[in-house]
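One file, start-v7.cif, carrying mmCIF, N, CA and C atoms and all ligand atoms:
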```
data_query
loop_
_atom_site.label_atom_id
_atom_site.label_comp_id
_atom_site.auth_asym_id
_atom_site.auth_seq_id
_atom_site.Cartn_x
_atom_site.Cartn_y
_atom_site.Cartn_z
N MET A 1 -1.61 -15.02 -28.49
CA MET A 1 -2.66 -14.01 -28.31
C MET A 1 -2.57 -13.00 -29.45
N LYS A 2 -3.73 -12.51 -29.83
CA LYS A 2 -3.78 -11.56 -30.93
C LYS A 2 -4.66 -10.37 -30.53
N ILE A 3 -4.20 -9.17 -30.88
CA ILE A 3 -5.06 -7.99 -30.73
C ILE A 3 -5.12 -7.28 -32.08
N ALA A 4 -6.16 -6.51 -32.29
CA ALA A 4 -6.30 -5.80 -33.56
C ALA A 4 -7.01 -4.48 -33.33
N LYS A 5 -6.69 -3.53 -34.17
CA LYS A 5 -7.38 -2.24 -34.11
C LYS A 5 -7.57 -1.73 -35.53
N GLU A 6 -8.71 -1.10 -35.75
CA GLU A 6 -9.03 -0.60 -37.08
C GLU A 6 -8.77 0.90 -37.17
N PHE A 7 -8.28 1.32 -38.33
CA PHE A 7 -8.02 2.74 -38.60
C PHE A 7 -8.64 3.10 -39.94
N SER A 8 -8.98 4.36 -40.13
CA SER A 8 -9.59 4.74 -41.41
C SER A 8 -9.13 6.12 -41.85
N TRP A 9 -9.15 6.32 -43.15
CA TRP A 9 -8.76 7.62 -43.71
C TRP A 9 -9.37 7.74 -45.12
N GLU A 10 -9.46 9.00 -45.56
CA GLU A 10 -9.97 9.29 -46.91
C GLU A 10 -8.76 9.67 -47.75
N MET A 11 -8.69 9.09 -48.96
CA MET A 11 -7.51 9.38 -49.78
C MET A 11 -7.83 9.24 -51.27
N GLY A 12 -7.24 10.14 -52.05
CA GLY A 12 -7.37 10.05 -53.50
C GLY A 12 -6.22 9.27 -54.09
N HIS A 13 -6.45 8.68 -55.25
CA HIS A 13 -5.38 8.00 -55.97
C HIS A 13 -5.82 7.72 -57.39
N ARG A 14 -4.92 7.19 -58.17
CA ARG A 14 -5.28 6.63 -59.48
C ARG A 14 -4.25 5.59 -59.84
N LEU A 15 -4.62 4.69 -60.73
CA LEU A 15 -3.70 3.66 -61.19
C LEU A 15 -3.47 3.88 -62.69
N PRO A 16 -2.37 4.58 -63.03
CA PRO A 16 -2.14 4.95 -64.43
C PRO A 16 -2.10 3.76 -65.39
N PHE A 17 -1.67 2.61 -64.90
CA PHE A 17 -1.55 1.43 -65.77
C PHE A 17 -2.89 0.76 -66.06
N HIS A 18 -3.91 1.12 -65.28
CA HIS A 18 -5.18 0.38 -65.31
C HIS A 18 -5.96 0.67 -66.58
N GLU A 19 -6.49 -0.41 -67.17
CA GLU A 19 -7.23 -0.27 -68.44
C GLU A 19 -8.65 0.25 -68.20
N GLY A 20 -9.15 0.06 -66.98
CA GLY A 20 -10.55 0.42 -66.69
C GLY A 20 -10.65 1.72 -65.91
N LYS A 21 -11.66 1.82 -65.05
CA LYS A 21 -11.99 3.05 -64.33
C LYS A 21 -10.88 3.54 -63.40
N CYS A 22 -10.05 2.64 -62.91
CA CYS A 22 -9.08 3.01 -61.87
C CYS A 22 -7.96 3.92 -62.36
N LYS A 23 -7.86 4.15 -63.67
CA LYS A 23 -6.86 5.11 -64.16
C LYS A 23 -7.29 6.56 -63.90
N ASN A 24 -8.60 6.75 -63.64
CA ASN A 24 -9.12 8.09 -63.37
C ASN A 24 -8.79 8.53 -61.94
N LEU A 25 -8.76 9.85 -61.74
CA LEU A 25 -8.59 10.37 -60.39
C LEU A 25 -9.85 10.01 -59.60
N HIS A 26 -9.69 9.37 -58.48
CA HIS A 26 -10.83 9.04 -57.62
C HIS A 26 -10.31 8.78 -56.22
N GLY A 27 -11.20 8.48 -55.31
CA GLY A 27 -10.75 8.25 -53.94
C GLY A 27 -11.52 7.16 -53.26
N HIS A 28 -11.04 6.79 -52.08
CA HIS A 28 -11.70 5.74 -51.29
C HIS A 28 -11.74 6.17 -49.83
N SER A 29 -12.70 5.62 -49.11
CA SER A 29 -12.69 5.66 -47.65
C SER A 29 -11.96 4.40 -47.22
N TYR A 30 -10.66 4.53 -47.07
CA TYR A 30 -9.83 3.36 -46.74
C TYR A 30 -9.99 2.97 -45.28
N LYS A 31 -9.82 1.69 -45.04
CA LYS A 31 -9.73 1.20 -43.67
C LYS A 31 -8.54 0.28 -43.61
N CYS A 32 -7.90 0.22 -42.46
CA CYS A 32 -6.91 -0.83 -42.29
C CYS A 32 -7.06 -1.45 -40.92
N MET A 33 -6.81 -2.72 -40.87
CA MET A 33 -6.86 -3.47 -39.63
C MET A 33 -5.42 -3.88 -39.33
N VAL A 34 -4.92 -3.46 -38.19
CA VAL A 34 -3.56 -3.84 -37.78
C VAL A 34 -3.69 -4.91 -36.70
N GLU A 35 -3.14 -6.07 -36.96
CA GLU A 35 -3.20 -7.18 -36.01
C GLU A 35 -1.80 -7.48 -35.48
N LEU A 36 -1.70 -7.65 -34.17
CA LEU A 36 -0.42 -7.98 -33.55
C LEU A 36 -0.59 -9.28 -32.77
N SER A 37 0.38 -10.17 -32.92
CA SER A 37 0.35 -11.44 -32.17
C SER A 37 1.61 -11.58 -31.34
N GLY A 38 1.48 -12.25 -30.22
CA GLY A 38 2.64 -12.50 -29.37
C GLY A 38 2.20 -12.89 -27.97
N LYS A 39 3.13 -12.72 -27.03
CA LYS A 39 2.84 -13.10 -25.65
C LYS A 39 2.48 -11.87 -24.82
N PRO A 40 1.35 -11.91 -24.11
CA PRO A 40 0.99 -10.78 -23.23
C PRO A 40 2.06 -10.59 -22.15
N ASP A 41 2.23 -9.36 -21.69
CA ASP A 41 3.20 -9.07 -20.63
C ASP A 41 2.64 -9.49 -19.26
N LYS A 42 3.35 -9.15 -18.19
CA LYS A 42 2.94 -9.60 -16.86
C LYS A 42 1.59 -9.01 -16.43
N ASN A 43 1.20 -7.93 -17.06
CA ASN A 43 -0.11 -7.34 -16.77
C ASN A 43 -1.23 -7.94 -17.63
N GLY A 44 -0.85 -8.93 -18.46
CA GLY A 44 -1.86 -9.55 -19.31
C GLY A 44 -2.20 -8.72 -20.53
N MET A 45 -1.24 -7.88 -20.95
CA MET A 45 -1.48 -7.01 -22.10
C MET A 45 -0.42 -7.25 -23.17
N LEU A 46 -0.87 -7.45 -24.41
CA LEU A 46 0.08 -7.61 -25.52
C LEU A 46 0.66 -6.25 -25.88
N LEU A 47 -0.22 -5.29 -26.09
CA LEU A 47 0.17 -3.90 -26.31
C LEU A 47 -1.06 -3.07 -25.99
N ASP A 48 -0.85 -1.97 -25.29
CA ASP A 48 -1.95 -1.06 -24.99
C ASP A 48 -2.51 -0.53 -26.32
N TYR A 49 -3.83 -0.60 -26.51
CA TYR A 49 -4.43 -0.06 -27.75
C TYR A 49 -4.05 1.40 -27.94
N TYR A 50 -3.88 2.10 -26.82
CA TYR A 50 -3.50 3.50 -26.87
C TYR A 50 -2.11 3.66 -27.52
N ASP A 51 -1.20 2.71 -27.21
CA ASP A 51 0.15 2.76 -27.80
C ASP A 51 0.10 2.44 -29.29
N LEU A 52 -0.79 1.53 -29.68
CA LEU A 52 -0.94 1.22 -31.10
C LEU A 52 -1.49 2.45 -31.84
N LYS A 53 -2.42 3.13 -31.21
CA LYS A 53 -2.98 4.35 -31.80
C LYS A 53 -1.89 5.41 -31.96
N LYS A 54 -1.00 5.51 -30.95
CA LYS A 54 0.10 6.49 -31.01
C LYS A 54 1.04 6.19 -32.17
N ILE A 55 1.24 4.89 -32.46
CA ILE A 55 2.08 4.49 -33.59
C ILE A 55 1.38 4.83 -34.90
N MET A 56 0.09 4.54 -34.98
CA MET A 56 -0.64 4.65 -36.24
C MET A 56 -1.07 6.08 -36.57
N ASP A 57 -1.36 6.89 -35.56
CA ASP A 57 -1.92 8.22 -35.83
C ASP A 57 -1.10 9.06 -36.83
N PRO A 58 0.24 9.19 -36.63
CA PRO A 58 0.98 10.00 -37.61
C PRO A 58 1.02 9.38 -39.01
N ILE A 59 0.99 8.05 -39.07
CA ILE A 59 1.00 7.36 -40.37
C ILE A 59 -0.31 7.65 -41.11
N ILE A 60 -1.42 7.55 -40.38
CA ILE A 60 -2.74 7.77 -40.98
C ILE A 60 -2.94 9.26 -41.28
N GLU A 61 -2.47 10.10 -40.38
CA GLU A 61 -2.62 11.56 -40.55
C GLU A 61 -1.99 12.03 -41.86
N GLU A 62 -0.85 11.45 -42.21
CA GLU A 62 -0.17 11.83 -43.45
C GLU A 62 -1.01 11.48 -44.68
N LEU A 63 -1.76 10.38 -44.59
CA LEU A 63 -2.54 9.90 -45.74
C LEU A 63 -3.91 10.55 -45.84
N ASP A 64 -4.46 10.98 -44.70
CA ASP A 64 -5.86 11.42 -44.67
C ASP A 64 -6.06 12.70 -45.47
N HIS A 65 -7.07 12.70 -46.33
CA HIS A 65 -7.39 13.82 -47.21
C HIS A 65 -6.17 14.25 -48.03
N SER A 66 -5.42 13.24 -48.46
CA SER A 66 -4.26 13.46 -49.29
C SER A 66 -4.45 12.69 -50.60
N PHE A 67 -3.52 12.88 -51.50
CA PHE A 67 -3.56 12.13 -52.76
C PHE A 67 -2.28 11.32 -52.85
N MET A 68 -2.38 10.01 -52.98
CA MET A 68 -1.19 9.17 -53.10
C MET A 68 -0.82 9.08 -54.58
N VAL A 69 0.40 9.50 -54.88
CA VAL A 69 0.80 9.56 -56.29
C VAL A 69 2.18 8.93 -56.47
N ASN A 70 2.30 8.17 -57.57
CA ASN A 70 3.56 7.54 -57.92
C ASN A 70 4.54 8.63 -58.38
N SER A 71 5.78 8.55 -57.91
CA SER A 71 6.79 9.56 -58.28
C SER A 71 6.99 9.65 -59.79
N SER A 72 6.61 8.62 -60.52
CA SER A 72 6.75 8.64 -61.98
C SER A 72 5.60 9.39 -62.66
N ASP A 73 4.57 9.73 -61.90
CA ASP A 73 3.38 10.40 -62.46
C ASP A 73 3.59 11.92 -62.40
N LYS A 74 4.58 12.38 -63.18
CA LYS A 74 5.06 13.78 -63.09
C LYS A 74 3.96 14.80 -63.35
N GLU A 75 3.13 14.52 -64.34
CA GLU A 75 2.09 15.46 -64.72
C GLU A 75 1.12 15.69 -63.55
N LEU A 76 0.75 14.62 -62.89
CA LEU A 76 -0.18 14.73 -61.77
C LEU A 76 0.46 15.45 -60.58
N ILE A 77 1.74 15.18 -60.34
CA ILE A 77 2.44 15.87 -59.24
C ILE A 77 2.44 17.38 -59.48
N GLU A 78 2.67 17.77 -60.75
CA GLU A 78 2.65 19.19 -61.12
C GLU A 78 1.29 19.82 -60.83
N ILE A 79 0.24 19.09 -61.22
CA ILE A 79 -1.14 19.59 -61.01
C ILE A 79 -1.42 19.73 -59.51
N LEU A 80 -1.06 18.72 -58.73
CA LEU A 80 -1.30 18.75 -57.28
C LEU A 80 -0.53 19.90 -56.64
N ASP A 81 0.69 20.15 -57.14
CA ASP A 81 1.50 21.27 -56.65
C ASP A 81 0.79 22.59 -56.93
N ARG A 82 0.30 22.70 -58.18
CA ARG A 82 -0.39 23.93 -58.59
C ARG A 82 -1.62 24.19 -57.72
N LEU A 83 -2.31 23.12 -57.36
CA LEU A 83 -3.52 23.24 -56.54
C LEU A 83 -3.20 23.37 -55.04
N LYS A 84 -1.91 23.26 -54.71
CA LYS A 84 -1.49 23.23 -53.30
C LYS A 84 -2.26 22.17 -52.52
N SER A 85 -2.42 21.02 -53.17
CA SER A 85 -3.18 19.91 -52.59
C SER A 85 -2.23 18.96 -51.86
N ASN A 86 -2.69 18.41 -50.76
CA ASN A 86 -1.87 17.44 -50.02
C ASN A 86 -1.59 16.23 -50.90
N LYS A 87 -0.35 15.76 -50.84
CA LYS A 87 0.00 14.56 -51.59
C LYS A 87 1.04 13.75 -50.83
N VAL A 88 1.03 12.46 -51.09
CA VAL A 88 2.06 11.57 -50.57
C VAL A 88 2.69 10.92 -51.80
N ILE A 89 3.95 11.28 -52.04
CA ILE A 89 4.64 10.74 -53.22
C ILE A 89 5.32 9.43 -52.83
N VAL A 90 5.01 8.39 -53.56
CA VAL A 90 5.56 7.07 -53.27
C VAL A 90 6.21 6.51 -54.54
N ASP A 91 6.98 5.45 -54.40
CA ASP A 91 7.64 4.91 -55.59
C ASP A 91 6.94 3.63 -56.08
N PHE A 92 5.63 3.63 -55.92
CA PHE A 92 4.84 2.48 -56.39
C PHE A 92 3.47 2.96 -56.82
N ASP A 93 2.75 2.14 -57.58
CA ASP A 93 1.36 2.44 -57.89
C ASP A 93 0.51 2.06 -56.69
N SER A 94 -0.49 2.90 -56.39
CA SER A 94 -1.21 2.78 -55.13
C SER A 94 -2.33 1.73 -55.16
N THR A 95 -1.96 0.51 -55.48
CA THR A 95 -2.91 -0.60 -55.36
C THR A 95 -3.09 -0.89 -53.87
N ALA A 96 -4.18 -1.55 -53.52
CA ALA A 96 -4.41 -1.91 -52.11
C ALA A 96 -3.25 -2.77 -51.60
N GLU A 97 -2.73 -3.64 -52.47
CA GLU A 97 -1.62 -4.51 -52.09
C GLU A 97 -0.39 -3.68 -51.71
N ASN A 98 -0.07 -2.68 -52.56
CA ASN A 98 1.11 -1.86 -52.29
C ASN A 98 0.92 -0.95 -51.07
N ILE A 99 -0.30 -0.45 -50.88
CA ILE A 99 -0.57 0.37 -49.70
C ILE A 99 -0.43 -0.48 -48.44
N CYS A 100 -0.85 -1.72 -48.53
CA CYS A 100 -0.72 -2.66 -47.42
C CYS A 100 0.76 -2.85 -47.05
N LEU A 101 1.61 -3.06 -48.06
CA LEU A 101 3.05 -3.24 -47.80
C LEU A 101 3.67 -1.96 -47.25
N TYR A 102 3.21 -0.82 -47.76
CA TYR A 102 3.69 0.50 -47.31
C TYR A 102 3.38 0.68 -45.81
N LEU A 103 2.13 0.36 -45.43
CA LEU A 103 1.75 0.51 -44.02
C LEU A 103 2.50 -0.49 -43.15
N MET A 104 2.65 -1.71 -43.65
CA MET A 104 3.34 -2.73 -42.87
C MET A 104 4.78 -2.30 -42.59
N ASP A 105 5.42 -1.76 -43.60
CA ASP A 105 6.80 -1.29 -43.44
C ASP A 105 6.88 -0.17 -42.40
N LYS A 106 5.92 0.76 -42.45
CA LYS A 106 5.91 1.87 -41.49
C LYS A 106 5.72 1.35 -40.05
N VAL A 107 4.79 0.43 -39.87
CA VAL A 107 4.53 -0.10 -38.52
C VAL A 107 5.76 -0.89 -38.03
N ARG A 108 6.33 -1.65 -38.95
CA ARG A 108 7.50 -2.47 -38.63
C ARG A 108 8.66 -1.63 -38.12
N ARG A 109 8.82 -0.42 -38.71
CA ARG A 109 9.92 0.44 -38.32
C ARG A 109 9.61 1.29 -37.10
N SER A 110 8.39 1.17 -36.55
CA SER A 110 8.06 1.87 -35.32
C SER A 110 8.60 1.04 -34.15
N SER A 111 8.50 1.60 -32.96
CA SER A 111 9.11 0.89 -31.83
C SER A 111 8.10 -0.04 -31.16
N LEU A 112 7.86 -1.19 -31.78
CA LEU A 112 6.97 -2.19 -31.18
C LEU A 112 7.74 -2.94 -30.10
N PRO A 113 7.08 -3.26 -28.98
CA PRO A 113 7.78 -4.01 -27.94
C PRO A 113 8.16 -5.42 -28.40
N THR A 114 9.16 -6.00 -27.72
CA THR A 114 9.74 -7.26 -28.19
C THR A 114 8.82 -8.47 -27.97
N ASN A 115 7.76 -8.31 -27.16
CA ASN A 115 6.85 -9.45 -26.96
C ASN A 115 5.94 -9.67 -28.17
N ILE A 116 5.96 -8.75 -29.10
CA ILE A 116 5.13 -8.91 -30.30
C ILE A 116 5.92 -9.66 -31.36
N GLU A 117 5.35 -10.78 -31.80
CA GLU A 117 6.08 -11.69 -32.69
C GLU A 117 5.63 -11.61 -34.14
N GLU A 118 4.38 -11.20 -34.35
CA GLU A 118 3.88 -11.16 -35.73
C GLU A 118 2.99 -9.95 -35.95
N LEU A 119 3.10 -9.41 -37.14
CA LEU A 119 2.31 -8.24 -37.53
C LEU A 119 1.52 -8.60 -38.78
N LYS A 120 0.24 -8.25 -38.78
CA LYS A 120 -0.57 -8.44 -39.97
C LYS A 120 -1.30 -7.14 -40.26
N VAL A 121 -1.27 -6.74 -41.52
CA VAL A 121 -1.97 -5.53 -41.94
C VAL A 121 -2.93 -5.88 -43.05
N ARG A 122 -4.16 -5.42 -42.88
CA ARG A 122 -5.18 -5.63 -43.90
C ARG A 122 -5.68 -4.25 -44.34
N VAL A 123 -5.68 -4.01 -45.64
CA VAL A 123 -6.16 -2.73 -46.17
C VAL A 123 -7.43 -2.96 -46.97
N LEU A 124 -8.48 -2.25 -46.56
CA LEU A 124 -9.76 -2.34 -47.27
C LEU A 124 -9.96 -1.07 -48.10
N GLU A 125 -10.07 -1.27 -49.40
CA GLU A 125 -10.28 -0.15 -50.30
C GLU A 125 -11.78 0.14 -50.43
N THR A 126 -12.56 -0.92 -50.35
CA THR A 126 -14.02 -0.81 -50.34
C THR A 126 -14.52 -1.73 -49.24
N GLU A 127 -15.84 -1.73 -49.04
CA GLU A 127 -16.42 -2.56 -47.99
C GLU A 127 -16.19 -4.05 -48.23
N ASN A 128 -16.07 -4.43 -49.50
CA ASN A 128 -15.97 -5.86 -49.77
C ASN A 128 -14.68 -6.31 -50.46
N THR A 129 -13.64 -5.49 -50.38
CA THR A 129 -12.35 -5.92 -50.94
C THR A 129 -11.23 -5.59 -49.96
N TYR A 130 -10.25 -6.46 -49.87
CA TYR A 130 -9.08 -6.13 -49.07
C TYR A 130 -7.83 -6.84 -49.56
N ALA A 131 -6.68 -6.27 -49.17
CA ALA A 131 -5.38 -6.90 -49.40
C ALA A 131 -4.75 -7.07 -48.02
N GLU A 132 -4.03 -8.15 -47.84
CA GLU A 132 -3.48 -8.46 -46.51
C GLU A 132 -2.10 -9.06 -46.63
N GLU A 133 -1.23 -8.67 -45.71
CA GLU A 133 0.11 -9.26 -45.65
C GLU A 133 0.50 -9.38 -44.19
N SER A 134 1.34 -10.34 -43.91
CA SER A 134 1.81 -10.48 -42.53
C SER A 134 3.32 -10.75 -42.54
N CYS A 135 3.94 -10.48 -41.41
CA CYS A 135 5.37 -10.75 -41.29
C CYS A 135 5.72 -11.08 -39.85
N LYS A 136 6.76 -11.89 -39.68
CA LYS A 136 7.31 -12.17 -38.35
C LYS A 136 8.19 -10.99 -37.96
N LEU A 137 8.23 -10.70 -36.66
CA LEU A 137 9.05 -9.56 -36.21
C LEU A 137 10.29 -10.05 -35.48
ZN ZN B 201 -9.18 3.13 -56.40
#
```
Any chance you could put this one into structure tokens?
Amino acid sequence: MKIAKEFSWEMGHRLPFHEGKCKNLHGHSYKCMVELSGKPDKNGMLLDYYDLKKIMDPIIEELDHSFMVNSSDKELIEILDRLKSNKVIVDFDSTAENICLYLMDKVRRSSLPTNIEELKVRVLETENTYAEESCKL
């Protein structure tokens, strides 16, 4: 059995290595789909959607209306500090693929019940692009 729930947030980022437009400061209306697979409990429930929301809310709250910046991007961190702007400092470039792995790691380290066997996270940077990864739990 599989259940899924979608989450969304607004976030700024840039890809310093990118040769094209993505090196510029810009943002996306991100979405992510969190999928859980496993065996439903005796009540016929894999996980209460409310419990999934409780796991995801603080993760999404940290990212929403924030700027994700690589710890190596010192100049930008200084500017964001000066502006007193929200930021999430990470040790990777904020590609959709890396954000997907970041979210997957956060969900994985939350207290998911043992009946859940597989986790899949899909991150949509735009309406027609996504990165996806899954792992066994
Ligand atoms: Zn972008």
Can you write out as a tab-separated table which residues of chain A fall within 8 Å of ligand ZN 201 (chain B), alongside each residue's closest atom pair and its distance in Å to one decimal, counting all atoms listed in the file and ordering rows by chain and ascending residue number?
```
residue	atom	partner	partner_atom	distance
A:Gly12	C	B:ZN201	ZN	7.2
A:His13	C	B:ZN201	ZN	5.8
A:Arg14	CA	B:ZN201	ZN	6.1
A:Leu15	N	B:ZN201	ZN	6.5
A:Lys21	C	B:ZN201	ZN	7.2
A:Cys22	CA	B:ZN201	ZN	5.5
A:Lys23	N	B:ZN201	ZN	7.5
A:Asn24	C	B:ZN201	ZN	7.7
A:Leu25	C	B:ZN201	ZN	7.6
A:His26	C	B:ZN201	ZN	5.8
A:Gly27	C	B:ZN201	ZN	5.6
A:His28	N	B:ZN201	ZN	6.0
A:Ser94	C	B:ZN201	ZN	7.1
A:Thr95	CA	B:ZN201	ZN	7.4
A:Ala96	N	B:ZN201	ZN	7.4
A:Glu125	CA	B:ZN201	ZN	7.0
```
Nearest to Asn98 of chain A, chosen from A:Tyr30, A:Leu36, A:Pro58, A:Glu132, with only C-alpha atoms counted in the distances: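 Of A:Tyr30, A:Leu36, A:Pro58, A:Glu132, the one nearest Asn98 of chain A, counting only C-alpha atoms, is A:Glu132.
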Near Lys2 of chain A, counting only N, CA and C atoms, which residues have an atom at most 8 Å away, once you skip same-chain residues fewer than 6 positions from it, shown as a PyMOL selection string? chain A and resi 35-40+46
For the structure I just gave you, how does DSSP split chain A - specifically, which residues are strand (DSSP E or B)? Reply as a PyMOL selection string. chain A and resi 2-13+26-38+66-70+87-90+116-126+129-136
Among chain A, which residues does DSSP mark as alpha helix (DSSP H) when it is run on the backbone? Keep the chain and numbering as in the structure and answer as a PyMOL selection string. chain A and resi 49-63+74-82+96-108
Compare A:Ser29, A:Ser72, A:Ser66, A:Thr126 by their minimum atom-to-atom distance to Pro16 of chain A, counting only C-alpha atoms, and give me the closest one.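 For Pro16 of chain A, the nearest of the candidates is A:Ser72.
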Of the candidates A:Lys106, A:Lys136, A:Arg122, A:His18, which one gets nearest to Lys31 of chain A if we count only N, CA and C atoms? A:Arg122
Between A:Ile77, A:Asp41, A:Glu118, A:Leu63, which is the closest to Ser8 of chain A once you count all atoms listed in the file?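 Among the listed residues, the smallest separation from Ser8 of chain A belongs to A:Leu63.
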Å distance separating atom CA of Glu19 of chain A from atom CA of Thr129 of chain A, one decimal place: 19.1 Å
Residue among A:Leu119, A:Leu112, A:Ile3, A:Leu80 lying closest to Cys135 of chain A, counting only C-alpha atoms: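 When distances to Cys135 of chain A are compared using only C-alpha atoms, the smallest one comes from A:Leu119.
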Pick from A:Leu124, A:His65, A:Glu97, A:Ile116, whichever lies nearest to Leu137 of chain A using only N, CA and C atoms: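 Comparing A:Leu124, A:His65, A:Glu97, A:Ile116 against Leu137 of chain A, the winner is A:Ile116.
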